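Student: This is final_17.csv, which holds CSV, C-alpha atoms:
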chain,number,residue,atom,x,y,z
D,1,MET,CA,129.1,150.4,11.2
D,2,PRO,CA,126.6,148.6,8.8
D,3,THR,CA,127.7,147.7,5.3
D,4,LEU,CA,126.6,150.2,2.6
D,5,ALA,CA,126.4,149.5,-1.1
D,6,LEU,CA,126.6,152.3,-3.7
D,7,THR,CA,125.7,151.8,-7.4
D,8,GLY,CA,125.6,153.8,-10.6
D,9,ASP,CA,122.7,154.8,-12.7
D,10,VAL,CA,119.5,152.7,-12.7
D,11,ILE,CA,117.6,153.2,-16.0
D,12,PRO,CA,115.2,150.3,-16.5
D,13,LEU,CA,112.7,150.0,-19.3
D,14,GLU,CA,111.4,146.5,-18.8
D,15,GLN,CA,110.3,144.1,-16.1
D,16,LEU,CA,113.4,142.9,-14.3
D,17,ARG,CA,112.5,140.1,-12.0
D,18,SER,CA,113.3,137.1,-14.3
D,19,ASP,CA,116.5,138.6,-15.6
D,20,ALA,CA,117.6,139.6,-12.2
D,21,GLN,CA,117.5,136.0,-11.2
D,22,MET,CA,119.9,134.9,-13.9
D,23,ALA,CA,123.1,133.6,-12.3
D,24,ASP,CA,125.5,136.1,-13.9
D,25,VAL,CA,123.3,139.1,-13.0
D,26,HIS,CA,122.4,137.8,-9.5
D,27,ALA,CA,126.2,137.5,-8.8
D,28,VAL,CA,126.2,141.3,-8.9
D,29,LEU,CA,122.8,142.2,-7.4
D,30,ARG,CA,123.3,139.9,-4.4
D,31,HIS,CA,125.8,142.4,-3.0
D,32,LEU,CA,123.0,145.0,-3.0
D,33,HIS,CA,120.6,142.5,-1.3
D,34,ASP,CA,123.2,141.5,1.3
D,35,ALA,CA,124.1,145.1,2.2
D,36,ASP,CA,122.4,146.8,5.2
D,37,LEU,CA,121.7,149.8,2.9
D,38,ALA,CA,121.9,149.9,-0.9
D,39,ILE,CA,121.8,153.3,-2.7
D,40,GLY,CA,121.4,154.1,-6.4
D,41,ASN,CA,120.4,156.9,-8.8
D,42,PHE,CA,117.0,156.1,-10.4
D,43,GLU,CA,116.8,157.9,-13.7
D,44,MET,CA,113.8,156.6,-15.5
D,45,PRO,CA,110.5,158.5,-15.1
D,46,LEU,CA,107.7,156.0,-14.5
D,47,THR,CA,104.6,157.6,-16.0
D,48,GLY,CA,102.0,157.6,-18.7
D,49,ALA,CA,102.1,161.4,-19.0
D,50,VAL,CA,102.3,162.6,-22.6
D,51,LYS,CA,103.5,166.2,-22.2
D,52,PRO,CA,107.3,166.2,-22.2
D,53,LEU,CA,109.4,169.0,-20.9
D,54,GLN,CA,111.2,170.9,-23.7
D,55,LYS,CA,114.8,169.6,-23.3
D,56,LEU,CA,117.5,167.7,-25.1
D,57,LEU,CA,116.1,164.2,-24.5
D,58,ASN,CA,113.0,162.7,-22.8
D,59,ILE,CA,112.7,159.1,-21.6
D,60,ARG,CA,110.1,157.2,-19.7
D,61,ALA,CA,108.9,153.7,-18.9
D,62,ASP,CA,105.6,152.1,-18.0
D,63,PRO,CA,104.8,152.4,-14.3
D,64,SER,CA,104.0,148.7,-14.2
D,65,ILE,CA,107.7,147.9,-14.0
D,66,ALA,CA,107.9,149.4,-10.5
D,67,SER,CA,106.6,146.1,-9.1
D,68,ASP,CA,109.9,144.4,-10.1
D,69,LEU,CA,112.3,147.0,-8.7
D,70,ASP,CA,112.8,145.1,-5.4
D,71,ALA,CA,114.6,142.5,-7.5
D,72,LEU,CA,117.5,145.0,-7.7
D,73,GLY,CA,118.1,145.0,-4.0
D,74,LEU,CA,118.0,148.8,-3.6
D,75,ASP,CA,116.8,150.5,-0.5
D,76,VAL,CA,117.3,154.2,-1.2
D,77,VAL,CA,117.1,155.9,-4.6
D,78,THR,CA,117.8,159.5,-5.5
D,79,VAL,CA,115.7,161.1,-8.3
D,80,ALA,CA,117.7,164.3,-8.3
D,81,ASN,CA,118.9,164.0,-11.9
D,82,ASN,CA,118.3,165.5,-15.4
D,83,HIS,CA,115.5,163.0,-16.4
D,84,THR,CA,113.1,162.8,-13.5
D,85,VAL,CA,111.1,165.8,-14.7
D,86,ASP,CA,111.2,164.8,-18.4
D,87,TYR,CA,107.4,164.7,-18.3
D,88,GLY,CA,106.8,167.6,-16.0
D,89,TRP,CA,105.2,167.7,-12.5
D,90,GLU,CA,102.7,165.0,-13.5
D,91,GLY,CA,105.5,162.6,-14.5
D,92,LEU,CA,107.4,163.4,-11.4
D,93,GLN,CA,104.4,162.8,-9.1
D,94,ASP,CA,103.8,159.5,-10.9
D,95,THR,CA,107.4,158.4,-10.5
D,96,LEU,CA,107.6,159.3,-6.8
D,97,HIS,CA,104.4,157.4,-6.2
D,98,CYS,CA,105.6,154.3,-8.0
D,99,LEU,CA,109.0,154.2,-6.3
D,100,ARG,CA,107.6,154.8,-2.8
D,101,SER,CA,104.8,152.3,-3.4
D,102,ALA,CA,107.6,149.8,-4.3
D,103,GLY,CA,109.0,150.3,-0.8
D,104,LEU,CA,112.0,152.5,-1.8
D,105,HIS,CA,113.1,155.5,0.2
D,106,THR,CA,113.0,158.2,-2.5
D,107,ILE,CA,114.8,161.5,-2.2
D,108,GLY,CA,116.0,164.4,-4.2
D,109,ALA,CA,112.6,165.8,-5.6
D,110,GLY,CA,109.3,166.9,-4.3
D,111,GLY,CA,106.4,169.4,-4.4
D,112,THR,CA,108.6,172.1,-2.8
D,113,LEU,CA,112.3,172.7,-2.3
D,114,ARG,CA,111.9,171.7,1.4
D,115,GLU,CA,110.5,168.3,0.2
D,116,ALA,CA,113.2,167.9,-2.4
D,117,ILE,CA,116.1,168.4,0.1
D,118,ALA,CA,114.6,166.2,2.8
D,119,PRO,CA,117.1,163.4,3.5
D,120,ALA,CA,116.4,159.7,3.8
D,121,GLU,CA,116.7,158.6,7.4
D,122,VAL,CA,117.6,155.0,8.3
D,123,VAL,CA,118.7,153.5,11.6
D,124,LEU,CA,120.9,150.4,11.1
D,125,SER,CA,122.1,148.5,14.2
D,126,GLY,CA,121.8,151.7,16.3
D,127,THR,CA,123.6,153.9,13.7
D,128,ARG,CA,121.6,156.8,12.3
D,129,VAL,CA,122.4,157.1,8.6
D,130,GLY,CA,121.2,160.0,6.5
D,131,VAL,CA,121.3,160.3,2.7
D,132,LEU,CA,121.0,163.8,1.1
D,133,ALA,CA,120.6,164.3,-2.7
D,134,PHE,CA,121.4,167.1,-5.2
D,135,SER,CA,121.7,167.4,-8.9
D,136,CYS,CA,124.1,169.8,-10.8
D,137,LEU,CA,122.3,169.0,-14.0
D,138,VAL,CA,119.1,171.0,-13.9
D,139,PRO,CA,117.0,171.3,-17.1
D,140,THR,CA,115.0,174.5,-17.5
D,141,GLY,CA,112.0,174.4,-15.2
D,142,ALA,CA,113.1,171.2,-13.4
D,143,GLY,CA,114.5,172.8,-10.2
D,144,ALA,CA,112.4,172.9,-7.1
D,145,ALA,CA,111.7,176.2,-5.4
D,146,GLU,CA,109.9,177.4,-2.3
D,147,GLN,CA,106.5,177.1,-4.1
D,148,ARG,CA,107.5,175.0,-7.1
D,149,PRO,CA,107.9,171.3,-7.5
D,150,GLY,CA,111.1,169.7,-9.0
D,151,ILE,CA,114.5,168.4,-8.1
D,152,ALA,CA,117.0,169.5,-5.6
D,153,GLY,CA,119.2,171.4,-8.0
D,154,LEU,CA,122.6,173.2,-7.7
D,155,LYS,CA,123.3,175.8,-10.4
D,156,VAL,CA,126.7,175.4,-12.2
D,157,VAL,CA,128.2,178.6,-13.7
D,158,THR,CA,130.0,178.0,-17.1
D,159,SER,CA,132.4,180.5,-18.6
D,160,TYR,CA,134.9,180.4,-21.4
D,161,GLU,CA,138.5,181.6,-21.4
D,162,ILE,CA,140.3,182.3,-24.6
D,163,ASP,CA,144.1,182.4,-25.0
D,164,PRO,CA,144.5,185.6,-27.0
D,165,TYR,CA,148.0,184.8,-28.3
D,166,TYR,CA,147.1,181.3,-29.5
D,167,GLN,CA,143.9,182.6,-31.0
D,168,MET,CA,145.7,185.3,-33.0
D,169,GLU,CA,148.0,182.7,-34.6
D,170,GLU,CA,145.4,179.9,-34.9
D,171,PRO,CA,142.1,181.7,-35.4
D,172,GLY,CA,139.1,179.4,-34.8
D,173,ASP,CA,141.1,176.6,-33.2
D,174,LEU,CA,139.2,175.4,-30.1
D,175,SER,CA,142.5,174.5,-28.4
D,176,ALA,CA,142.6,178.2,-27.5
D,177,VAL,CA,139.3,177.9,-25.4
D,178,ARG,CA,139.2,176.7,-21.8
D,179,VAL,CA,135.9,175.8,-20.3
D,180,ARG,CA,135.6,177.0,-16.6
D,181,THR,CA,132.8,175.8,-14.3
D,182,HIS,CA,131.9,176.3,-10.6
D,183,VAL,CA,128.8,175.8,-8.5
D,184,HIS,CA,127.2,179.2,-7.9
D,185,ASP,CA,128.3,180.6,-4.6
D,186,SER,CA,124.8,180.9,-3.2
D,187,ASP,CA,124.0,177.3,-4.1
D,188,LEU,CA,127.2,176.0,-2.7
D,189,ALA,CA,126.5,177.8,0.6
D,190,PHE,CA,122.9,176.4,0.6
D,191,ALA,CA,124.2,172.8,0.0
D,192,SER,CA,126.8,173.2,2.7
D,193,GLU,CA,124.2,174.5,5.2
D,194,CYS,CA,122.0,171.5,4.4
D,195,VAL,CA,124.9,169.2,5.1
D,196,ARG,CA,125.7,171.0,8.4
D,197,GLU,CA,122.0,170.7,9.5
D,198,CYS,CA,121.9,167.0,8.7
D,199,ARG,CA,125.3,166.4,10.4
D,200,SER,CA,123.7,167.2,13.7
D,201,ARG,CA,121.0,164.6,13.2
D,202,PHE,CA,123.0,161.6,11.9
D,203,ASP,CA,126.0,159.5,12.9
D,204,PHE,CA,126.9,158.9,9.2
D,205,LEU,CA,125.9,161.2,6.3
D,206,ILE,CA,126.0,160.3,2.6
D,207,VAL,CA,125.6,163.0,0.0
D,208,THR,CA,124.6,161.7,-3.4
D,209,VAL,CA,125.2,164.1,-6.4
D,210,HIS,CA,124.3,163.9,-10.1
D,211,TRP,CA,127.1,165.7,-11.9
D,212,GLY,CA,129.8,165.7,-14.5
D,213,PHE,CA,129.7,164.5,-18.1
D,214,GLY,CA,127.5,161.7,-19.5
D,215,SER,CA,130.3,160.0,-21.4
D,216,GLY,CA,134.1,159.9,-21.3
D,217,ASP,CA,136.3,159.8,-18.2
D,218,GLU,CA,137.0,163.6,-17.8
D,219,LEU,CA,135.8,165.4,-14.7
D,220,ALA,CA,134.2,168.8,-14.9
D,221,GLU,CA,136.2,171.5,-13.1
D,222,TYR,CA,133.5,172.1,-10.5
D,223,GLN,CA,133.2,168.5,-9.2
D,224,GLN,CA,136.2,168.3,-6.9
D,225,PRO,CA,135.7,171.6,-5.2
D,226,LEU,CA,132.1,170.7,-4.6
D,227,ALA,CA,132.9,167.3,-3.2
D,228,HIS,CA,135.6,168.8,-0.9
D,229,GLY,CA,133.2,171.5,0.2
D,230,LEU,CA,130.5,169.1,1.1
D,231,ILE,CA,132.9,167.0,3.1
D,232,ASP,CA,134.3,170.1,4.9
D,233,ALA,CA,130.7,170.8,5.8
D,234,GLY,CA,130.2,167.4,7.4
D,235,ALA,CA,129.5,164.7,4.7
D,236,ASP,CA,131.1,161.3,5.3
D,237,LEU,CA,130.8,159.9,1.8
D,238,ILE,CA,130.1,161.5,-1.6
D,239,HIS,CA,128.3,159.2,-4.1
D,240,GLY,CA,128.5,160.6,-7.6
D,241,HIS,CA,126.6,159.6,-10.8
D,242,HIS,CA,125.5,160.6,-14.3
D,243,PRO,CA,128.7,159.5,-16.2
D,244,HIS,CA,127.9,156.3,-18.1
D,245,ALA,CA,131.5,155.3,-17.5
D,246,ILE,CA,133.7,154.7,-14.5
D,247,HIS,CA,135.3,157.8,-13.0
D,248,PRO,CA,138.0,158.3,-10.3
D,249,ILE,CA,137.8,157.4,-6.6
D,250,GLU,CA,139.3,159.9,-4.2
D,251,PHE,CA,139.8,159.9,-0.4
D,252,TYR,CA,139.6,163.4,1.0
D,253,ARG,CA,140.2,163.7,4.8
D,254,ASN,CA,139.8,159.9,4.7
D,255,LYS,CA,136.3,160.3,3.3
D,256,PRO,CA,135.5,158.5,0.0
D,257,ILE,CA,134.5,160.4,-3.1
D,258,LEU,CA,133.0,158.2,-5.8
D,259,TYR,CA,133.0,160.5,-8.9
D,260,GLY,CA,131.1,157.9,-11.0
D,261,LEU,CA,130.3,154.2,-10.8
D,262,GLY,CA,129.0,153.8,-14.3
D,263,THR,CA,125.6,152.2,-15.1
D,264,LEU,CA,123.9,149.4,-13.2
D,265,VAL,CA,120.9,149.1,-15.5
D,266,GLY,CA,121.0,151.0,-18.8
D,267,GLN,CA,117.9,150.2,-20.9
D,268,GLN,CA,117.1,153.7,-22.1
D,269,VAL,CA,116.2,153.9,-25.8
D,270,PHE,CA,117.4,156.8,-28.0
D,271,MET,CA,116.0,155.7,-31.3
D,272,GLU,CA,114.2,159.1,-31.9
D,273,ALA,CA,116.9,161.2,-30.3
D,274,ASP,CA,118.8,164.1,-31.7
D,275,PRO,CA,122.0,163.0,-33.6
D,276,LYS,CA,124.1,164.6,-30.9
D,277,VAL,CA,122.4,162.4,-28.3
D,278,LYS,CA,122.8,159.3,-30.4
D,279,LYS,CA,126.5,160.1,-30.6
D,280,LEU,CA,126.7,160.3,-26.8
D,281,TRP,CA,124.9,157.0,-26.5
D,282,SER,CA,127.5,155.4,-28.8
D,283,GLU,CA,130.3,156.6,-26.5
D,284,MET,CA,128.7,155.3,-23.3
D,285,SER,CA,130.7,152.6,-21.6
D,286,ALA,CA,129.4,149.3,-20.4
D,287,GLU,CA,131.8,149.3,-17.5
D,288,GLY,CA,130.6,149.9,-13.9
D,289,TYR,CA,131.1,148.8,-10.3
D,290,VAL,CA,129.3,148.4,-7.0
D,291,ALA,CA,131.2,149.9,-4.0
D,292,LEU,CA,130.8,148.3,-0.6
D,293,TYR,CA,131.7,150.5,2.4
D,294,ARG,CA,132.1,149.6,6.0
D,295,SER,CA,133.8,152.1,8.3
D,296,GLN,CA,136.0,150.9,11.1
D,297,ALA,CA,137.6,153.5,13.3
D,298,SER,CA,140.7,151.4,13.9
D,299,GLU,CA,141.5,151.2,10.2
D,300,ASP,CA,142.1,153.4,7.2
D,301,THR,CA,139.0,153.8,5.1
D,302,GLN,CA,138.7,151.5,2.2
D,303,LEU,CA,136.1,150.3,-0.3
D,304,ARG,CA,135.5,146.8,-1.7
D,305,LEU,CA,134.7,147.0,-5.4
D,306,ILE,CA,132.5,144.6,-7.5
D,307,PRO,CA,133.3,145.4,-11.1
D,308,HIS,CA,130.6,144.6,-13.7
D,309,ILE,CA,129.8,144.9,-17.4
D,310,LEU,CA,126.4,145.5,-19.0
D,311,ASN,CA,125.2,142.5,-21.0
D,312,ALA,CA,123.0,142.4,-24.1
D,313,ARG,CA,119.9,143.1,-21.9
D,314,ARG,CA,121.8,146.1,-20.5
D,315,LEU,CA,121.9,144.5,-17.0
D,316,PRO,CA,125.1,144.0,-14.9
D,317,GLU,CA,127.2,140.8,-15.0
D,318,LEU,CA,130.5,140.3,-13.1
D,319,ALA,CA,133.4,141.5,-15.1
D,320,LYS,CA,135.8,138.7,-15.9
D,321,GLY,CA,139.0,138.0,-17.8
D,322,ASP,CA,140.1,140.7,-20.3
D,323,ALA,CA,137.0,142.9,-19.4
D,324,LEU,CA,138.0,142.9,-15.7
D,325,ASP,CA,141.6,143.6,-16.5
D,326,GLN,CA,140.7,146.6,-18.7
D,327,LEU,CA,138.2,147.9,-16.2
D,328,LEU,CA,140.7,147.8,-13.3
D,329,SER,CA,143.5,149.2,-15.5
D,330,ARG,CA,141.2,152.2,-16.3
D,331,LEU,CA,140.1,152.7,-12.7
D,332,LYS,CA,143.7,152.6,-11.5
D,333,ARG,CA,144.8,155.1,-14.2
D,334,LEU,CA,142.0,157.5,-13.4
D,335,SER,CA,142.3,157.2,-9.6
D,336,SER,CA,146.1,157.3,-9.2
D,337,PRO,CA,146.4,161.1,-9.7
D,338,PHE,CA,144.2,161.4,-6.6
D,339,GLY,CA,146.5,159.3,-4.5
D,340,THR,CA,144.1,156.3,-4.5
D,341,VAL,CA,145.4,152.7,-4.7
D,342,ILE,CA,143.3,150.1,-6.5
D,343,GLU,CA,144.5,146.6,-5.6
D,344,ILE,CA,143.6,143.0,-5.1
D,345,SER,CA,144.0,141.9,-1.4
D,346,ASN,CA,143.2,138.3,-0.4
D,347,GLY,CA,141.2,137.9,-3.6
D,348,VAL,CA,139.1,141.0,-3.0
D,349,ILE,CA,139.3,144.2,-5.1
D,350,VAL,CA,139.7,147.2,-2.8
D,351,ALA,CA,140.3,151.0,-3.2
D,352,ARG,CA,142.2,152.8,-0.5
D,353,LYS,CA,144.1,156.0,0.1
D,354,GLY,CA,147.8,155.5,-0.8
D,355,TYR,CA,150.5,155.8,1.8
D,356,GLU,CA,152.3,159.1,1.7
Rewrite the structure of this file - the entire thing - as structure tokens.
Tutor:
Amino acid sequence: MPTLALTGDVIPLEQLRSDAQMADVHAVLRHLHDADLAIGNFEMPLTGAVKPLQKLLNIRADPSIASDLDALGLDVVTVANNHTVDYGWEGLQDTLHCLRSAGLHTIGAGGTLREAIAPAEVVLSGTRVGVLAFSCLVPTGAGAAEQRPGIAGLKVVTSYEIDPYYQMEEPGDLSAVRVRTHVHDSDLAFASECVRECRSRFDFLIVTVHWGFGSGDELAEYQQPLAHGLIDAGADLIHGHHPHAIHPIEFYRNKPILYGLGTLVGQQVFMEADPKVKKLWSEMSAEGYVALYRSQASEDTQLRLIPHILNARRLPELAKGDALDQLLSRLKRLSSPFGTVIEISNGVIVARKGYE
């Protein structure tokens, strides 16, 4: 099985080539270059379009930065996320053109739903690898349909439960409210069918999903059932993103679920953003990691982790010293409830399923 590299969010605003060659940054990016297949979530529209979609926050970068994207070492990027359509269909078309012209397999969006759900197909040393993309964050008008461009979206249903007894004695206290979420039944069935169809075509299938909360380390209720359902349908690995923080690692049926790897490149600017968005920005963590995966049938599945911290240029550098200790402590705390062990073995940081 070839070596796969999985990363978090990639949100560049500037030319990257010179910075990517800096020793501390290259120490992280070399793992993407060295992998047989490197996958990330590209979340910066590359467009000169001036008509933004009406939504919470719109970001974009000059298309000229696309010429430097090969410096990151990525091979496949998903654009199924909540920013790809920030500047409408024109902005999405520009972004797809820029990324594909830069030589990147680009998935998760298109002129129709069929195009948006089309997987990346790569043959590595005789192994057929497929990558399928979805987003659970779908701004109004951003989802692709049979005759409408957009991203491969999955609708999440949100409801609120109120504890009547608590509310009667503490009126207005939000502790009485529980937020419930689940992927809409028809969308879950659709995603599962997409996975089953791909399963018949590939030896190894990755499903990459934009989901969860943008900051903090809490999972949304819908995430684990969705991940388990996709694996039950035939996925071999779930690659999650959107949280600008590290989230748990789980092994379900010996298949890795990466709930969130943090941010690989985070250069978005929120200077003119709504105060609520600025608050979210202030809460975003600089921690992240690259996950390296290589399946061997004779061994339990495990991941090698390359922890990193965003520097002043918002590019990744290897986490060291106290920063590394804090990152690993947090990842252990978050992953332990899922039965996952994070440890250092022969000088290498690994994640594996704990022994029962």
Student: Taking only residues of stretch 196-220 of chain D that have an atom at most 9 Å from an atom of stretch 74-85 of chain D, what is each one's shortest atom pair and its distance in Å to one decimal, using all atoms listed in the file, in chain and number order, as CSV?
Tutor:
residue,atom,partner,partner_atom,distance
D:Thr208,CA,D:Thr78,CA,7.4
D:Val209,CA,D:Ala80,CA,7.7
D:His210,CA,D:Asn81,CA,5.7
D:Trp211,CA,D:Asn81,CA,8.4
Student: Atom CA of D:Thr7 and atom CA of D:Glu218, how far apart in Å?
Tutor: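 Pair atom CA of D:Glu218 / atom CA of D:Thr7 returns 19.4 Å.
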Student: When you look at D:Ala35 with a cut-off of 8 Å (counting all atoms listed in the file), what residues show up, excluding the ones that are within fewer than 4 positions of it in the same chain? I need them as a list in words.
Tutor: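 What passes the distance filter is Pro2, Thr3, Leu4, Ala5, His31 and Leu292 of chain D.
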Student: Go through D:Pro248, D:Gly126, D:Gly229, D:Pro12 one by one, measure the shortest atom-to-atom distance of each to D:Gly212 using only C-alpha atoms, and give the residue with the smallest value.
Tutor: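 Ranking D:Pro248, D:Gly126, D:Gly229, D:Pro12 by distance to D:Gly212, first place goes to D:Pro248.
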Student: What does the structure give for the distance between atom CA of D:Gly321 and atom CA of D:Leu13, in Å to one decimal?
Tutor: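 According to the coordinates, atom CA of D:Gly321 and atom CA of D:Leu13 are separated by 28.9 Å.
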Student: Excluding stretch 183-197 of chain D and its own-chain neighbours fewer than 3 positions away, which residues fall within 6 Å of it when counting only C-alpha atoms? Please give them as a PyMOL selection string.
Tutor: chain D and resi 154-157+200+230+233-234
Student: Can you write just those residues out, C-alpha atoms, as a PDB file, in the frame of the given file?
Tutor:
ATOM      1  CA  LEU D 154     122.600 173.200  -7.700  1.00  0.00           C
ATOM      2  CA  LYS D 155     123.300 175.800 -10.400  1.00  0.00           C
ATOM      3  CA  VAL D 156     126.700 175.400 -12.200  1.00  0.00           C
ATOM      4  CA  VAL D 157     128.200 178.600 -13.700  1.00  0.00           C
ATOM      5  CA  SER D 200     123.700 167.200  13.700  1.00  0.00           C
ATOM      6  CA  LEU D 230     130.500 169.100   1.100  1.00  0.00           C
ATOM      7  CA  ALA D 233     130.700 170.800   5.800  1.00  0.00           C
ATOM      8  CA  GLY D 234     130.200 167.400   7.400  1.00  0.00           C
TER       9      GLY D 234
END
Student: Counting only C-alpha atoms, select every polymer residue within 12 Å of (141.0, 158.8, 2.8) as defined in the file's coordinates, and provide the selection as a ChimeraX atom specification.
Tutor: /D:228,231,236-237,249-258,295,299-303,338-341,351-356
Student: So that I can check the surroundings of D:Leu324, please list as a ChimeraX atom specification every protein, DNA and RNA residue that reaches within 9 Å of it, counting all atoms listed in the file and ignoring chain neighbours fewer than 6 positions away.
Tutor: /D:307-309,318
Student: Could you tell me which of D:Leu264, D:Ala142, D:Leu226, D:Val348 comes closest to D:Gln54 if we count all atoms listed in the file?
Tutor: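 Of D:Leu264, D:Ala142, D:Leu226, D:Val348, the one nearest D:Gln54 is D:Ala142, counting all atoms listed in the file.
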Student: My list of candidates is D:Leu132, D:Lys276, D:Ile246, D:Trp89. Which is closest to D:Leu57 when distances are computed with only C-alpha atoms?
Tutor: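 Checking each of D:Leu132, D:Lys276, D:Ile246, D:Trp89 against D:Leu57, counting only C-alpha atoms, the winner is D:Lys276.
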Student: Ranking D:Met284, D:Ala71, D:Leu124, D:Met22 by minimum distance to D:Gly103 and counting all atoms listed in the file, which one comes first?
Tutor: D:Ala71
Student: What is the atom CA of D:Val290 to atom CA of D:Ala235 distance in Å?
Tutor: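 Distance between the two atoms: 20.1 Å.
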Student: From the options D:Val131, D:Leu104, D:Val138, D:Ala145, which residue's atoms come nearest to D:Arg199, counting only C-alpha atoms?
Tutor: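 Smallest separation from D:Arg199 among the options: D:Val131.
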Student: Would you list the contacts of D:Asp325 as an mmCIF file with C-alpha atoms, keeping the file's coordinate frame, taking every protein, DNA or RNA residue within 12 Å and counting all atoms listed in the file, but skipping same-chain residues closer than 4 positions in sequence?
Tutor:
data_model
loop_
_atom_site.group_PDB
_atom_site.id
_atom_site.type_symbol
_atom_site.label_atom_id
_atom_site.label_comp_id
_atom_site.auth_asym_id
_atom_site.auth_seq_id
_atom_site.Cartn_x
_atom_site.Cartn_y
_atom_site.Cartn_z
ATOM 1 C CA GLU D 287 131.800 149.300 -17.500
ATOM 2 C CA PRO D 307 133.300 145.400 -11.100
ATOM 3 C CA HIS D 308 130.600 144.600 -13.700
ATOM 4 C CA ILE D 309 129.800 144.900 -17.400
ATOM 5 C CA ALA D 319 133.400 141.500 -15.100
ATOM 6 C CA LYS D 320 135.800 138.700 -15.900
ATOM 7 C CA GLY D 321 139.000 138.000 -17.800
ATOM 8 C CA SER D 329 143.500 149.200 -15.500
ATOM 9 C CA ARG D 330 141.200 152.200 -16.300
ATOM 10 C CA LEU D 331 140.100 152.700 -12.700
ATOM 11 C CA LYS D 332 143.700 152.600 -11.500
ATOM 12 C CA GLU D 343 144.500 146.600 -5.600
ATOM 13 C CA ILE D 344 143.600 143.000 -5.100
ATOM 14 C CA ILE D 349 139.300 144.200 -5.100
#
Student: Pick out the residues sitting within 8 Å of D:Glu146, and hand them over as a PyMOL selection string; count all atoms listed in the file, and ignore anything fewer than 2 positions along from it in its own chain.
Tutor: chain D and resi 112-114+144+148
Student: Reconstruct N, CA and C atoms of stretch 341-353 of chain D from the incomplete input and present them as a compact mmCIF listing (two decimals), in the frame of the given file.
Tutor:
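Everything below was put into result17.txt:
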# COMPACT_ATOMS: atom_id res chain seq x y z
N VAL D 341 144.82 154.03 -4.32
CA VAL D 341 145.40 152.70 -4.70
C VAL D 341 144.21 151.77 -4.98
N ILE D 342 144.21 151.13 -6.15
CA ILE D 342 143.30 150.10 -6.50
C ILE D 342 144.07 148.77 -6.50
N GLU D 343 143.72 147.79 -5.68
CA GLU D 343 144.50 146.60 -5.60
C GLU D 343 143.66 145.38 -5.27
N ILE D 344 144.24 144.20 -5.46
CA ILE D 344 143.60 143.00 -5.10
C ILE D 344 144.25 142.45 -3.80
N SER D 345 143.46 142.36 -2.74
CA SER D 345 144.00 141.90 -1.40
C SER D 345 143.19 140.72 -0.96
N ASN D 346 143.87 139.59 -0.80
CA ASN D 346 143.20 138.30 -0.40
C ASN D 346 142.04 137.99 -1.28
N GLY D 347 142.24 138.22 -2.58
CA GLY D 347 141.20 137.90 -3.60
C GLY D 347 140.09 138.87 -3.68
N VAL D 348 140.17 139.99 -2.95
CA VAL D 348 139.10 141.00 -3.00
C VAL D 348 139.68 142.30 -3.57
N ILE D 349 138.92 142.93 -4.46
CA ILE D 349 139.30 144.20 -5.10
C ILE D 349 138.98 145.33 -4.14
N VAL D 350 139.98 146.12 -3.76
CA VAL D 350 139.70 147.20 -2.80
C VAL D 350 140.31 148.52 -3.37
N ALA D 351 139.73 149.62 -2.90
CA ALA D 351 140.30 151.00 -3.20
C ALA D 351 140.58 151.58 -1.81
N ARG D 352 141.76 152.17 -1.71
CA ARG D 352 142.20 152.80 -0.50
C ARG D 352 143.06 153.98 -0.77
N LYS D 353 143.23 154.84 0.23
CA LYS D 353 144.10 156.00 0.10
C LYS D 353 145.56 155.45 0.14
